[in-house]
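The file final-v3.cif comes next; it holds mmCIF, C-alpha atoms.
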data_my_file
loop_
_atom_site.group_PDB
_atom_site.id
_atom_site.type_symbol
_atom_site.label_atom_id
_atom_site.label_comp_id
_atom_site.auth_asym_id
_atom_site.auth_seq_id
_atom_site.Cartn_x
_atom_site.Cartn_y
_atom_site.Cartn_z
ATOM 1 C CA MET A 1 0.000 0.000 0.000
ATOM 2 C CA ASP A 2 2.970 2.327 0.625
ATOM 3 C CA ASP A 3 4.012 2.022 -3.050
ATOM 4 C CA MET A 4 0.659 3.490 -3.991
ATOM 5 C CA LEU A 5 1.323 6.663 -2.020
ATOM 6 C CA ASN A 6 4.845 7.505 -3.159
ATOM 7 C CA ASN A 7 5.897 10.973 -4.304
ATOM 8 C CA ASP A 8 3.204 13.004 -2.525
ATOM 9 C CA GLN A 9 0.330 10.999 -3.996
ATOM 10 C CA VAL A 10 -2.430 11.674 -1.522
ATOM 11 C CA PRO A 11 -5.890 10.163 -1.928
ATOM 12 C CA VAL A 12 -8.866 12.261 -0.974
ATOM 13 C CA GLU A 13 -10.274 9.494 1.180
ATOM 14 C CA GLU A 14 -9.486 5.861 2.118
ATOM 15 C CA ASN A 15 -12.378 3.429 2.478
ATOM 16 C CA ASN A 16 -12.216 -0.381 2.857
ATOM 17 C CA ASN A 17 -9.243 -1.162 0.601
ATOM 18 C CA PHE A 18 -10.136 1.567 -1.884
ATOM 19 C CA TYR A 19 -8.687 5.029 -2.354
ATOM 20 C CA ARG A 20 -10.953 7.795 -3.523
ATOM 21 C CA TYR A 21 -9.308 10.432 -5.738
ATOM 22 C CA ARG A 22 -10.556 13.489 -7.561
ATOM 23 C CA ALA A 23 -10.146 13.183 -11.339
ATOM 24 C CA ALA A 24 -8.590 16.150 -13.133
ATOM 25 C CA GLY A 25 -10.723 17.610 -15.896
ATOM 26 C CA PHE A 26 -9.966 18.907 -19.370
ATOM 27 C CA TRP A 27 -8.835 22.477 -18.638
ATOM 28 C CA VAL A 28 -6.312 21.707 -15.895
ATOM 29 C CA ARG A 29 -4.848 18.943 -18.073
ATOM 30 C CA PHE A 30 -4.787 21.280 -21.081
ATOM 31 C CA ILE A 31 -2.821 23.917 -19.165
ATOM 32 C CA ALA A 32 -0.398 21.241 -17.930
ATOM 33 C CA PHE A 33 0.030 20.078 -21.544
ATOM 34 C CA LEU A 34 0.819 23.640 -22.655
ATOM 35 C CA PHE A 35 3.517 23.890 -19.968
ATOM 36 C CA ASP A 36 4.905 20.547 -21.168
ATOM 37 C CA LEU A 37 4.999 21.723 -24.781
ATOM 38 C CA LEU A 38 6.879 24.829 -23.667
ATOM 39 C CA VAL A 39 9.409 22.728 -21.741
ATOM 40 C CA ILE A 40 9.828 20.293 -24.647
ATOM 41 C CA GLY A 41 10.249 23.120 -27.150
ATOM 42 C CA MET A 42 12.826 25.043 -25.119
ATOM 43 C CA SER A 43 14.800 22.035 -23.904
ATOM 44 C CA GLY A 44 14.658 20.395 -27.340
ATOM 45 C CA ARG A 45 16.112 23.524 -28.937
ATOM 46 C CA ILE A 46 18.927 23.606 -26.371
ATOM 47 C CA LEU A 47 19.634 19.891 -26.769
ATOM 48 C CA PHE A 48 19.583 20.184 -30.564
ATOM 49 C CA TYR A 49 22.221 22.932 -30.497
ATOM 50 C CA LEU A 50 24.330 20.961 -28.008
ATOM 51 C CA ILE A 51 24.340 18.001 -30.392
ATOM 52 C CA TRP A 52 24.945 20.142 -33.526
ATOM 53 C CA PRO A 53 26.631 23.333 -32.250
ATOM 54 C CA SER A 54 27.336 24.718 -35.720
ATOM 55 C CA GLY A 55 23.845 23.868 -36.953
ATOM 56 C CA LEU A 56 23.064 21.509 -39.766
ATOM 57 C CA GLU A 57 24.839 21.939 -43.060
ATOM 58 C CA THR A 58 21.999 21.227 -45.442
ATOM 59 C CA ILE A 59 18.581 22.783 -45.557
ATOM 60 C CA ALA A 60 16.986 19.426 -46.484
ATOM 61 C CA VAL A 61 18.307 17.625 -43.385
ATOM 62 C CA LYS A 62 17.451 20.532 -41.098
ATOM 63 C CA SER A 63 13.955 20.692 -42.562
ATOM 64 C CA PHE A 64 13.450 16.959 -42.112
ATOM 65 C CA ILE A 65 14.561 17.007 -38.487
ATOM 66 C CA LEU A 66 12.979 20.271 -37.334
ATOM 67 C CA VAL A 67 9.922 20.812 -39.519
ATOM 68 C CA ASN A 68 8.840 17.177 -39.700
ATOM 69 C CA ALA A 69 9.252 16.909 -35.920
ATOM 70 C CA LEU A 70 11.538 13.888 -35.913
ATOM 71 C CA PHE A 71 13.880 15.312 -33.301
ATOM 72 C CA PRO A 72 11.213 17.138 -31.218
ATOM 73 C CA GLY A 73 8.938 14.087 -31.482
ATOM 74 C CA ILE A 74 11.579 11.717 -30.136
ATOM 75 C CA TRP A 75 12.628 14.211 -27.454
ATOM 76 C CA GLY A 76 8.987 14.843 -26.473
ATOM 77 C CA SER A 77 8.220 11.124 -26.291
ATOM 78 C CA LEU A 78 11.235 10.550 -24.040
ATOM 79 C CA TYR A 79 10.161 13.472 -21.857
ATOM 80 C CA PHE A 80 6.612 12.154 -21.378
ATOM 81 C CA VAL A 81 7.635 8.496 -20.940
ATOM 82 C CA LEU A 82 10.497 9.024 -18.488
ATOM 83 C CA LEU A 83 8.825 11.635 -16.290
ATOM 84 C CA THR A 84 5.545 9.730 -16.136
ATOM 85 C CA LYS A 85 7.298 6.436 -15.328
ATOM 86 C CA TYR A 86 9.606 7.772 -12.618
ATOM 87 C CA TRP A 87 7.498 10.563 -11.060
ATOM 88 C CA GLY A 88 3.970 9.837 -12.261
ATOM 89 C CA GLN A 89 3.788 13.362 -13.617
ATOM 90 C CA THR A 90 5.453 15.685 -16.086
ATOM 91 C CA LEU A 91 6.642 19.179 -15.171
ATOM 92 C CA GLY A 92 3.334 20.615 -16.404
ATOM 93 C CA LYS A 93 1.395 18.205 -14.196
ATOM 94 C CA MET A 94 3.659 19.057 -11.250
ATOM 95 C CA ILE A 95 2.886 22.756 -11.708
ATOM 96 C CA MET A 96 -0.852 22.040 -11.887
ATOM 97 C CA GLY A 97 -0.857 19.611 -8.929
ATOM 98 C CA ILE A 98 -2.025 16.530 -10.829
ATOM 99 C CA ARG A 99 -0.536 13.086 -11.531
ATOM 100 C CA VAL A 100 -1.131 9.885 -13.448
ATOM 101 C CA ILE A 101 -2.189 6.798 -11.497
ATOM 102 C CA SER A 102 -3.034 3.262 -12.524
ATOM 103 C CA LYS A 103 -6.689 2.207 -12.557
ATOM 104 C CA ASP A 104 -5.895 -0.978 -10.622
ATOM 105 C CA GLY A 105 -3.956 0.766 -7.855
ATOM 106 C CA ARG A 106 -0.561 -0.652 -8.852
ATOM 107 C CA PRO A 107 2.495 1.496 -9.516
ATOM 108 C CA LEU A 108 2.856 2.544 -13.151
ATOM 109 C CA ASN A 109 4.882 0.021 -15.163
ATOM 110 C CA TRP A 110 6.763 0.445 -18.432
ATOM 111 C CA SER A 111 4.102 -1.113 -20.655
ATOM 112 C CA THR A 112 1.378 1.113 -19.189
ATOM 113 C CA VAL A 113 3.476 4.255 -19.539
ATOM 114 C CA ILE A 114 4.573 3.464 -23.106
ATOM 115 C CA ALA A 115 1.003 2.594 -24.132
ATOM 116 C CA ARG A 116 -0.198 5.869 -22.617
ATOM 117 C CA GLU A 117 2.554 8.268 -23.611
ATOM 118 C CA VAL A 118 3.461 6.894 -27.040
ATOM 119 C CA GLY A 119 0.502 4.921 -28.396
ATOM 120 C CA GLY A 120 -2.167 7.021 -26.711
ATOM 121 C CA ARG A 121 -0.596 10.332 -27.716
ATOM 122 C CA ILE A 122 -0.158 9.223 -31.337
ATOM 123 C CA LEU A 123 -3.863 8.332 -31.496
ATOM 124 C CA SER A 124 -4.909 11.465 -29.591
ATOM 125 C CA GLN A 125 -2.973 13.707 -31.975
ATOM 126 C CA LEU A 126 -4.034 11.795 -35.069
ATOM 127 C CA LEU A 127 -3.756 13.916 -38.197
ATOM 128 C CA GLY A 128 -2.966 16.987 -36.111
ATOM 129 C CA THR A 129 -6.512 17.242 -34.741
ATOM 130 C CA TYR A 130 -5.830 16.543 -31.039
ATOM 131 C CA LEU A 131 -9.408 15.214 -30.788
ATOM 132 C CA GLY A 132 -8.315 12.373 -28.493
ATOM 133 C CA TYR A 133 -7.641 14.905 -25.755
ATOM 134 C CA LEU A 134 -11.175 16.313 -26.002
ATOM 135 C CA VAL A 135 -12.592 12.954 -24.914
ATOM 136 C CA CYS A 136 -11.661 13.989 -21.361
ATOM 137 C CA ALA A 137 -14.084 16.915 -21.461
ATOM 138 C CA PHE A 138 -17.052 14.591 -22.037
ATOM 139 C CA HIS A 139 -16.033 11.315 -20.380
ATOM 140 C CA PRO A 140 -17.948 10.552 -17.147
ATOM 141 C CA ARG A 141 -14.706 9.700 -15.268
ATOM 142 C CA LYS A 142 -12.671 12.491 -16.938
ATOM 143 C CA GLN A 143 -10.477 10.065 -18.863
ATOM 144 C CA GLY A 144 -8.846 11.066 -22.112
ATOM 145 C CA LEU A 145 -8.067 8.639 -24.923
ATOM 146 C CA THR A 146 -4.580 8.156 -23.446
ATOM 147 C CA ASP A 147 -6.137 7.102 -20.121
ATOM 148 C CA ILE A 148 -8.676 4.763 -21.708
ATOM 149 C CA ILE A 149 -5.950 2.996 -23.721
ATOM 150 C CA SER A 150 -3.654 2.565 -20.724
ATOM 151 C CA ASP A 151 -6.180 2.090 -17.873
ATOM 152 C CA THR A 152 -5.063 5.180 -15.988
ATOM 153 C CA TYR A 153 -6.539 8.289 -14.415
ATOM 154 C CA VAL A 154 -5.123 11.776 -14.011
ATOM 155 C CA VAL A 155 -5.999 12.948 -10.509
ATOM 156 C CA TYR A 156 -5.444 15.927 -8.255
ATOM 157 C CA LEU A 157 -2.841 15.482 -5.534
ATOM 158 C CA ASN A 158 -4.765 17.455 -2.915
ATOM 159 C CA SER A 159 -8.122 18.839 -3.913
ATOM 160 C CA GLU A 160 -11.816 18.821 -3.369
ATOM 161 C CA LYS A 161 -12.327 19.661 -7.060
ATOM 162 C CA GLY A 162 -13.070 17.070 -9.709
ATOM 163 C CA LYS A 163 -15.162 13.951 -10.123
ATOM 164 C CA ALA A 164 -14.445 11.234 -7.531
ATOM 165 C CA VAL A 165 -12.947 7.935 -8.747
ATOM 166 C CA GLN A 166 -12.136 4.852 -6.674
ATOM 167 C CA ILE A 167 -8.834 2.986 -7.016
ATOM 168 C CA PRO A 168 -8.189 -0.350 -5.260
ATOM 169 C CA ALA A 169 -5.488 -0.228 -2.596
ATOM 170 C CA TYR A 170 -2.493 -2.094 -4.006
ATOM 171 C CA GLN A 171 -1.301 -4.952 -1.786
ATOM 172 C CA GLN A 172 2.179 -6.365 -2.423
#
Starting from the coordinates I provided, produce the structure as structure tokens.
Amino acid sequence: MDDMLNNDQVPVEENNNFYRYRAAGFWVRFIAFLFDLLVIGMSGRILFYLIWPSGLETIAVKSFILVNALFPGIWGSLYFVLLTKYWGQTLGKMIMGIRVISKDGRPLNWSTVIAREVGGRILSQLLGTYLGYLVCAFHPRKQGLTDIISDTYVVYLNSEKGKAVQIPAYQQ
């Protein structure tokens, strides 16, 4: 049960082997995502110039890497996967006071995180529409497409806001 509460993860209420959390809605998640995009953009630019200090020699290669989002896409995927796996939240989620938790009460594992942060994000951003993120605004448990695919919730750390969801207490 202690694994379930690591890194300041505080349930709203404990009741007979279940934790009751408050699910984060669309707007708080959207603002967190904007912070994350800002972090990815700035850090990706810095990392890119550390790797290629003189810049790229050809316009075609630079266009392929920067415009087609190969480098930012890989960097962004690493950012989301690693931060979600190790801290349960990205920097944007930290700022907004929310985190990702598993629907079954277990700690997040690699397959869950990769399904959520790579597969779920690819589907959510399909064709540049970002419609998969809007699912959260209308879902009864405030789950986005990424959450539905990976059996996760995004919840407030300490709040009375949001729709209540119950998570089983994980027993080792």
Considering all atoms listed in the file, give me a table of residues in segment 129-168 of chain A that are at most 9 Å from segment 106-121 of chain A, with the closest atom pair and distance in Å for each, as CSV.
residue,atom,partner,partner_atom,distance
A:Tyr130,CA,A:Arg121,CA,8.8
A:Gly132,CA,A:Arg121,CA,8.0
A:Tyr133,CA,A:Arg121,CA,8.6
A:Leu145,CA,A:Gly120,CA,6.4
A:Thr146,CA,A:Gly120,CA,4.2
A:Asp147,CA,A:Arg116,CA,6.6
A:Ile148,CA,A:Gly120,CA,8.5
A:Ile149,CA,A:Gly120,CA,6.3
A:Ser150,CA,A:Arg116,CA,5.1
A:Asp151,CA,A:Thr112,CA,7.7
A:Thr152,CA,A:Arg116,CA,8.3
A:Pro168,CA,A:Arg106,CA,8.4
List, as a PyMOL selection string, every residue that the PyMOL selection byres ((chain A and resi 93-102) around 9) selects in the file provided. chain A and resi 4+9+23-24+28-29+31-33+35-36+84+87-92+103-109+112+147+150-159+167
What separates atom CA of Lys142 of chain A and atom CA of Tyr21 of chain A is a distance of 11.9 Å
Quick one: residues within 12 Å of Met42 of chain A, all atoms listed in the file, excluding same-chain residues fewer than 5 positions away - as a list in words?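 So, after excluding close chain neighbours, the residues are Phe35, Asp36, Leu37, Leu47, Phe48, Tyr49, Pro72, Trp75 and Gly76 of chain A.
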Please compute the atom CA of Leu131 of chain A-atom CA of Ser77 of chain A distance, one decimal, in Å.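 Atom CA of Leu131 of chain A sits 18.6 Å away from atom CA of Ser77 of chain A.
Nearest residue to Phe80 of chain A, choosing from A:Gly25, A:Ile40, A:Ala137, A:Ile46 and counting all atoms listed in the file: A:Ile40.
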